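Everything on this sheet refers to the single structure shown next.
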Amino acid sequence: MATSAPLQQPQPLEGAARVWGTIALSAATFMNVLDTSIANVSLPAIAGDLGVSPNQGTWVITSFAVANAIAVPLTGWLSQRFGQVRLFVGSVMLFVIASLLCGLAPNMATLIAFRALQGFVAGPMIPLSQSLLLASYPKALAGLAMGMWAITTLVAPVMGPLLGGWITDHMSWPWIFYINIPVGIAAALSSWAIYHKRESATRKLPIDRIGLALLVVWIGALQIMLDIGKEYDWFSSGIVVGLGVVAAVGFAFFIVWELTDEHPVVDLRLFKGRNFWAGTLATAIGYGLFFGNLVILPLWLQQYMGYTATDAGMILAPVGLFAIILSPIVGRTIARVDPRRFATFAFLVFAVVLYMRSRFNTQADFTTLMIPTLIQGVAMAFFFIPLVTITLSGLPPERIPAASGLTNFARITAGAFGTSIATTLWENRAALHHSQLADAVNPGSPAAQAALSGLAAGGFTPEQALGQINRMMDQQAFMMAADDIFYISALLFLTLIPLVWLSHPLRAAVGGSKAAAGAH
């Protein structure tokens with residue numbers, strides 16, 4: 001479902017052609033993954049420029065992720081219909097056009113629509129880049145090739161916030177989309193020049209139109225419900241209740257249809273395997289937790305800690321250092337080490353990082369904020385490849401593409417849901433903490449009276465003094481709410497460890513190359 005193998009595998013590339021082919025495929029992947037995180041630190045600027053709240057601005061992230069998740073399962077059908085090379089190059093060029101449209105968007109509704117388009121056309125890019133890259137290398141080098149390819153997908157989320165922050169501060173937010181244009185055109189032309197003679201065989205297959213429609217309906221309804229729930233006071237609103245019912249009914253019909261259709265768009269029968277369902281569930285929950293926290297941190301830094309977009313990006317940037325160093329090592333050793341041990345180590349490190357963040361306060365300096373991010377890079381290196389090795393182990397080769405597509409679909413969808421859930425919880429916990437703090441500001445409180453007296457001595461009127469105290473309570477409340485989310489996320493990462501050990505103790509049964517191929 002993620003990729004379609006050609007009927008006759010072409011011979012591996014050699015020399016300069018292999019080097020340039022790897023660069024071209026990696027550039028397209030880099031551009032794609034960059035766009036999942038580049039908007040994170042730019043959300044306040046985008047929201048302010050387009051006249052919406054920063055939390056409404058998270059739709060810029062979730063619309064891309066949901067559309068991307070829907071498109072991923074279609075990759076197999078599309079690649080058999082049009083050919084892997086044509087589909088990959090076409091996907092890259094459509095991504096360039098969608099990026100241009102995002103930069104030109106005059107309002108938030110239009111930007112969200114174009115981001116959804118961008119996410120949808122990006123769907124085939126990552127699985128096909130993996131497929132084309134694996135065909136470019138001899139089998140003996142496939143594990144190392146995917147380990148090196150993984151560096152691209154680890155650098156991009158790191159560069160995203162840093163680059164997005166710098167562009168937002170020194171240029172304007174549309175340029176976070178415009179920078180895709182030269183990269184995408186170069187990647188598409190280079191890929192076509194190198195790979196067009198290696199096109200895969202094509203054939204017409206029926207597409208599961210009803211399954212696809214049900215997929216769009218239930219995922220779309222659930223995501224919209226999560227995004228607007230906090231604005232409409234959740235289930236006290238008929239709109240939110242209606243969306244919840246549509247999502248639940250759509251999901252139920254989707255499950256029944258996909259289990260009975262001859263050519264399902266999502267092969268749910270894969271969940272019969274313990275390794276597959278345990279690995280997919282651990283990957284989805286882990287990625288959802290990771291991505292939700294990745295969105296919260298820069299929002300908190302910019303809105304309540306006085307950080308610029310560039311500085312917020314610099315806080316997130318060090319995550320790539322250890323990830324880049326360790327990822328090729330994991331790729332080379334995954335066939336010799338029980339991947340459950342690597343995954344357990346990743347979850348423990350994630351838990352430690354989030355526990356460290358849960359101890360943050362409003363006096364935290366730049367170094368204190370950056371150290372957990374640096375350590376998080378270790379967890380990232382041990383997260384993706386071991387978990388996908390677990391997920392795909394024991395499956396016959398012909399089912400690997402479908403399994404890779406389904407686990408990628410679950411991961412991307414969980415990332416979108418994680419963003420919405422994290423921002424909603426953040427607001428709700430902040431409101432609770434603000435209420436508790438406000439109770440302490442009363443005429444009988446010595447601390448409150450001392451603060452008001454100090455502000456009055458500084459020339460503040462009583463109204464201005466109260467306003468200043470309210471802003472201080474806001475800062476404290478949102479910091480405490482962020483700490484709550486970090487702490488809860490740390491505990492949830494620990495609960496994923498037993499889930500991984502439910503899988504059978506198979507080592508890299510699918511081979512280093514195929515296991516790695518679904519890693520991102």
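Scheme for the structure tokens: letters A, B, ... for chains in order shown; per-chain residue numbers from 1; ligand numbers from 1 in order shown.
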Please identify which residues in segment 207-317 of chain A DSSP calls helix (DSSP H, G or I) from the backbone, and express them as a count of residues only. 90
Find the residues around Val19 of chain A up to 12 Å (only C-alpha atoms counted), leave out those fewer than 4 positions away in its own chain, and share them as number ranges by chain. A: 12-15, 23-26, 133, 136-137, 145, 190-191, 194
Hey, what's within 7 Å of Thr391 of chain A if we count only C-alpha atoms and toss same-chain stuff fewer than 6 positions away? As a ChimeraX atom specification, please? /A:275-276,279-280
Selected residues written out, N, CA, C and O atoms, as a compact mmCIF listing (two decimals), in the first residue's frame:
# COMPACT_ATOMS: atom_id res chain seq x y z
N ASN A 275 2.96 -8.66 16.39
CA ASN A 275 4.05 -7.70 16.21
C ASN A 275 3.57 -6.45 15.47
O ASN A 275 3.99 -5.33 15.79
N PHE A 276 2.70 -6.66 14.49
CA PHE A 276 2.25 -5.51 13.71
C PHE A 276 1.40 -4.58 14.56
O PHE A 276 1.63 -3.37 14.59
N GLY A 279 3.58 -2.97 17.42
CA GLY A 279 4.53 -2.00 16.88
C GLY A 279 3.86 -0.76 16.34
O GLY A 279 4.31 0.37 16.57
N THR A 280 2.75 -0.94 15.62
CA THR A 280 2.03 0.20 15.06
C THR A 280 1.44 1.07 16.15
O THR A 280 1.51 2.31 16.09
Near segment 477-488 of chain A, 10 Å: segment 324-428 of chain A residue rows, closest pairs, only C-alpha atoms, as JSON lines:
{"residue": "A:Ala351", "atom": "CA", "partner": "A:Tyr487", "partner_atom": "CA", "distance": 8.4}
{"residue": "A:Val352", "atom": "CA", "partner": "A:Tyr487", "partner_atom": "CA", "distance": 9.7}
{"residue": "A:Val353", "atom": "CA", "partner": "A:Phe486", "partner_atom": "CA", "distance": 8.8}
{"residue": "A:Leu354", "atom": "CA", "partner": "A:Phe486", "partner_atom": "CA", "distance": 5.1}
{"residue": "A:Tyr355", "atom": "CA", "partner": "A:Tyr487", "partner_atom": "CA", "distance": 5.5}
{"residue": "A:Met356", "atom": "CA", "partner": "A:Phe486", "partner_atom": "CA", "distance": 8.5}
{"residue": "A:Arg357", "atom": "CA", "partner": "A:Phe486", "partner_atom": "CA", "distance": 6.2}
{"residue": "A:Ser358", "atom": "CA", "partner": "A:Asp483", "partner_atom": "CA", "distance": 4.1}
{"residue": "A:Arg359", "atom": "CA", "partner": "A:Asp483", "partner_atom": "CA", "distance": 6.6}
{"residue": "A:Phe360", "atom": "CA", "partner": "A:Asp483", "partner_atom": "CA", "distance": 6.8}
{"residue": "A:Asn361", "atom": "CA", "partner": "A:Met479", "partner_atom": "CA", "distance": 6.6}
{"residue": "A:Thr362", "atom": "CA", "partner": "A:Met479", "partner_atom": "CA", "distance": 6.8}
{"residue": "A:Ala422", "atom": "CA", "partner": "A:Ile485", "partner_atom": "CA", "distance": 7.3}
{"residue": "A:Thr423", "atom": "CA", "partner": "A:Ala482", "partner_atom": "CA", "distance": 9.5}
{"residue": "A:Leu425", "atom": "CA", "partner": "A:Ile485", "partner_atom": "CA", "distance": 7.5}
{"residue": "A:Trp426", "atom": "CA", "partner": "A:Ala481", "partner_atom": "CA", "distance": 5.5}
{"residue": "A:Glu427", "atom": "CA", "partner": "A:Ala481", "partner_atom": "CA", "distance": 7.5}
{"residue": "A:Asn428", "atom": "CA", "partner": "A:Ala481", "partner_atom": "CA", "distance": 8.1}
Next, write the just-selected residues to a file, as an mmCIF file, in the first residue's frame, keeping N, CA, C and O atoms as the atom set.
data_model
loop_
_atom_site.group_PDB
_atom_site.id
_atom_site.type_symbol
_atom_site.label_atom_id
_atom_site.label_comp_id
_atom_site.auth_asym_id
_atom_site.auth_seq_id
_atom_site.Cartn_x
_atom_site.Cartn_y
_atom_site.Cartn_z
ATOM 1 N N ALA A 351 10.974 9.740 28.203
ATOM 2 C CA ALA A 351 10.367 9.991 29.520
ATOM 3 C C ALA A 351 11.252 10.901 30.364
ATOM 4 O O ALA A 351 10.758 11.821 31.028
ATOM 5 N N VAL A 352 12.565 10.658 30.349
ATOM 6 C CA VAL A 352 13.498 11.491 31.113
ATOM 7 C C VAL A 352 13.472 12.929 30.603
ATOM 8 O O VAL A 352 13.432 13.889 31.383
ATOM 9 N N VAL A 353 13.489 13.083 29.276
ATOM 10 C CA VAL A 353 13.468 14.422 28.664
ATOM 11 C C VAL A 353 12.211 15.193 29.077
ATOM 12 O O VAL A 353 12.277 16.366 29.480
ATOM 13 N N LEU A 354 11.072 14.537 29.001
ATOM 14 C CA LEU A 354 9.810 15.216 29.327
ATOM 15 C C LEU A 354 9.681 15.476 30.825
ATOM 16 O O LEU A 354 9.090 16.483 31.228
ATOM 17 N N TYR A 355 10.258 14.591 31.638
ATOM 18 C CA TYR A 355 10.272 14.865 33.081
ATOM 19 C C TYR A 355 11.126 16.098 33.368
ATOM 20 O O TYR A 355 10.749 16.954 34.193
ATOM 21 N N MET A 356 12.257 16.217 32.691
ATOM 22 C CA MET A 356 13.105 17.406 32.852
ATOM 23 C C MET A 356 12.341 18.675 32.468
ATOM 24 O O MET A 356 12.416 19.701 33.155
ATOM 25 N N ARG A 357 11.571 18.590 31.383
ATOM 26 C CA ARG A 357 10.794 19.754 30.952
ATOM 27 C C ARG A 357 9.665 20.064 31.932
ATOM 28 O O ARG A 357 9.267 21.223 32.080
ATOM 29 N N SER A 358 9.152 19.056 32.587
ATOM 30 C CA SER A 358 8.061 19.288 33.551
ATOM 31 C C SER A 358 8.540 20.057 34.772
ATOM 32 O O SER A 358 7.715 20.495 35.578
ATOM 33 N N ARG A 359 9.852 20.210 34.932
ATOM 34 C CA ARG A 359 10.422 20.968 36.043
ATOM 35 C C ARG A 359 10.725 22.416 35.647
ATOM 36 O O ARG A 359 11.270 23.175 36.459
ATOM 37 N N PHE A 360 10.402 22.797 34.407
ATOM 38 C CA PHE A 360 10.660 24.178 33.967
ATOM 39 C C PHE A 360 9.855 25.164 34.809
ATOM 40 O O PHE A 360 8.754 24.860 35.286
ATOM 41 N N ASN A 361 10.412 26.380 34.949
ATOM 42 C CA ASN A 361 9.651 27.487 35.535
ATOM 43 C C ASN A 361 9.910 28.745 34.715
ATOM 44 O O ASN A 361 10.667 28.708 33.741
ATOM 45 N N THR A 362 9.278 29.830 35.088
ATOM 46 C CA THR A 362 9.370 31.054 34.275
ATOM 47 C C THR A 362 10.757 31.688 34.346
ATOM 48 O O THR A 362 11.036 32.627 33.601
ATOM 49 N N ALA A 422 -2.981 18.102 22.542
ATOM 50 C CA ALA A 422 -2.021 18.807 23.401
ATOM 51 C C ALA A 422 -2.392 20.276 23.563
ATOM 52 O O ALA A 422 -2.360 20.814 24.677
ATOM 53 N N THR A 423 -2.765 20.938 22.465
ATOM 54 C CA THR A 423 -3.107 22.367 22.576
ATOM 55 C C THR A 423 -4.405 22.571 23.360
ATOM 56 O O THR A 423 -4.524 23.540 24.120
ATOM 57 N N LEU A 425 -5.589 20.515 25.811
ATOM 58 C CA LEU A 425 -5.265 20.276 27.221
ATOM 59 C C LEU A 425 -4.479 21.442 27.813
ATOM 60 O O LEU A 425 -4.683 21.819 28.973
ATOM 61 N N TRP A 426 -3.587 22.006 27.027
ATOM 62 C CA TRP A 426 -2.772 23.130 27.486
ATOM 63 C C TRP A 426 -3.654 24.311 27.885
ATOM 64 O O TRP A 426 -3.489 24.895 28.951
ATOM 65 N N GLU A 427 -4.620 24.636 27.017
ATOM 66 C CA GLU A 427 -5.540 25.742 27.324
ATOM 67 C C GLU A 427 -6.407 25.426 28.546
ATOM 68 O O GLU A 427 -6.613 26.283 29.418
ATOM 69 N N ASN A 428 -6.929 24.212 28.611
ATOM 70 C CA ASN A 428 -7.809 23.845 29.725
ATOM 71 C C ASN A 428 -7.069 23.863 31.066
ATOM 72 O O ASN A 428 -7.580 24.368 32.070
#
Write out as number ranges by chain the residues lying within 6 Å of segment 106-121 of chain A, counting only C-alpha atoms and excluding same-chain residues fewer than 5 positions away. A: 50, 60, 63-64, 67-68, 71, 91, 95, 98
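When the distance limit is 10 Å and only C-alpha atoms are what count, the residues near Val41 of chain A, minus those fewer than 5 positions from it on the same chain, are A:Ile46, A:Gly160, A:Pro161, A:Leu162, A:Leu163, A:Gly164, A:Gly165, A:Trp166, A:Thr168, A:Leu294, A:Val295, A:Ile296, A:Leu297, A:Pro298, A:Leu299, A:Leu301, A:Gln302, A:Thr308, A:Ala309, A:Thr310, A:Asp311, A:Ala312, A:Gly313, A:Leu316.
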From the set A:Ala186, A:Ala27, A:Leu243, A:Leu374, which residue has the shortest atom-to-atom contact distance to Ile219 of chain A, counting only C-alpha atoms? A:Leu243
Exercise: Lys204 of chain A partners within 12 Å, only C-alpha atoms, chain neighbours under 2 positions left out, as a PyMOL selection string: chain A and resi 76-83+201-202+206-207
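Using only C-alpha atoms, the shortest contact distance between Pro127 of chain A and any of A:Ser99, A:Asn408, A:Thr152, A:Asn293 is found at A:Asn408.
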Enumerate, in order of chain and increasing residue number, the residues of segment 262-320 of chain A with an atom no farther than 12 Å from segment 327-345 of chain A, each with its shortest atom pair and distance in Å to one decimal, counting only C-alpha atoms, as a Markdown table.
| residue | atom | partner | partner_atom | distance |
| --- | --- | --- | --- | --- |
| A:Asn275 | CA | A:Arg340 | CA | 10.7 |
| A:Ala278 | CA | A:Arg340 | CA | 11.1 |
| A:Gly279 | CA | A:Arg340 | CA | 9.6 |
| A:Ala282 | CA | A:Ala343 | CA | 9.4 |
| A:Thr283 | CA | A:Ala343 | CA | 9.7 |
| A:Gly286 | CA | A:Ala343 | CA | 10.5 |
| A:Gly320 | CA | A:Ser327 | CA | 10.1 |
Using N, CA and C atoms, can you write the selected residues to a file as a PDB file, in the first residue's frame?
ATOM      1  N   ASN A 275       2.956  -8.656  16.387  1.00  0.00           N
ATOM      2  CA  ASN A 275       4.047  -7.699  16.213  1.00  0.00           C
ATOM      3  C   ASN A 275       3.574  -6.455  15.473  1.00  0.00           C
ATOM      4  N   ALA A 278       1.156  -4.334  17.867  1.00  0.00           N
ATOM      5  CA  ALA A 278       1.898  -3.768  18.994  1.00  0.00           C
ATOM      6  C   ALA A 278       2.865  -2.686  18.518  1.00  0.00           C
ATOM      7  N   GLY A 279       3.583  -2.967  17.417  1.00  0.00           N
ATOM      8  CA  GLY A 279       4.534  -1.998  16.882  1.00  0.00           C
ATOM      9  C   GLY A 279       3.860  -0.755  16.341  1.00  0.00           C
ATOM     10  N   ALA A 282       2.451   1.338  19.314  1.00  0.00           N
ATOM     11  CA  ALA A 282       3.538   2.025  20.026  1.00  0.00           C
ATOM     12  C   ALA A 282       4.087   3.180  19.193  1.00  0.00           C
ATOM     13  N   THR A 283       4.237   2.974  17.883  1.00  0.00           N
ATOM     14  CA  THR A 283       4.739   4.028  16.994  1.00  0.00           C
ATOM     15  C   THR A 283       3.779   5.208  16.959  1.00  0.00           C
ATOM     16  N   GLY A 286       3.569   6.999  20.464  1.00  0.00           N
ATOM     17  CA  GLY A 286       4.837   7.672  20.711  1.00  0.00           C
ATOM     18  C   GLY A 286       5.018   8.904  19.843  1.00  0.00           C
ATOM     19  N   GLY A 320      18.734  17.382  16.745  1.00  0.00           N
ATOM     20  CA  GLY A 320      19.300  16.623  15.631  1.00  0.00           C
ATOM     21  C   GLY A 320      20.714  16.154  15.833  1.00  0.00           C
TER      22      GLY A 320
END
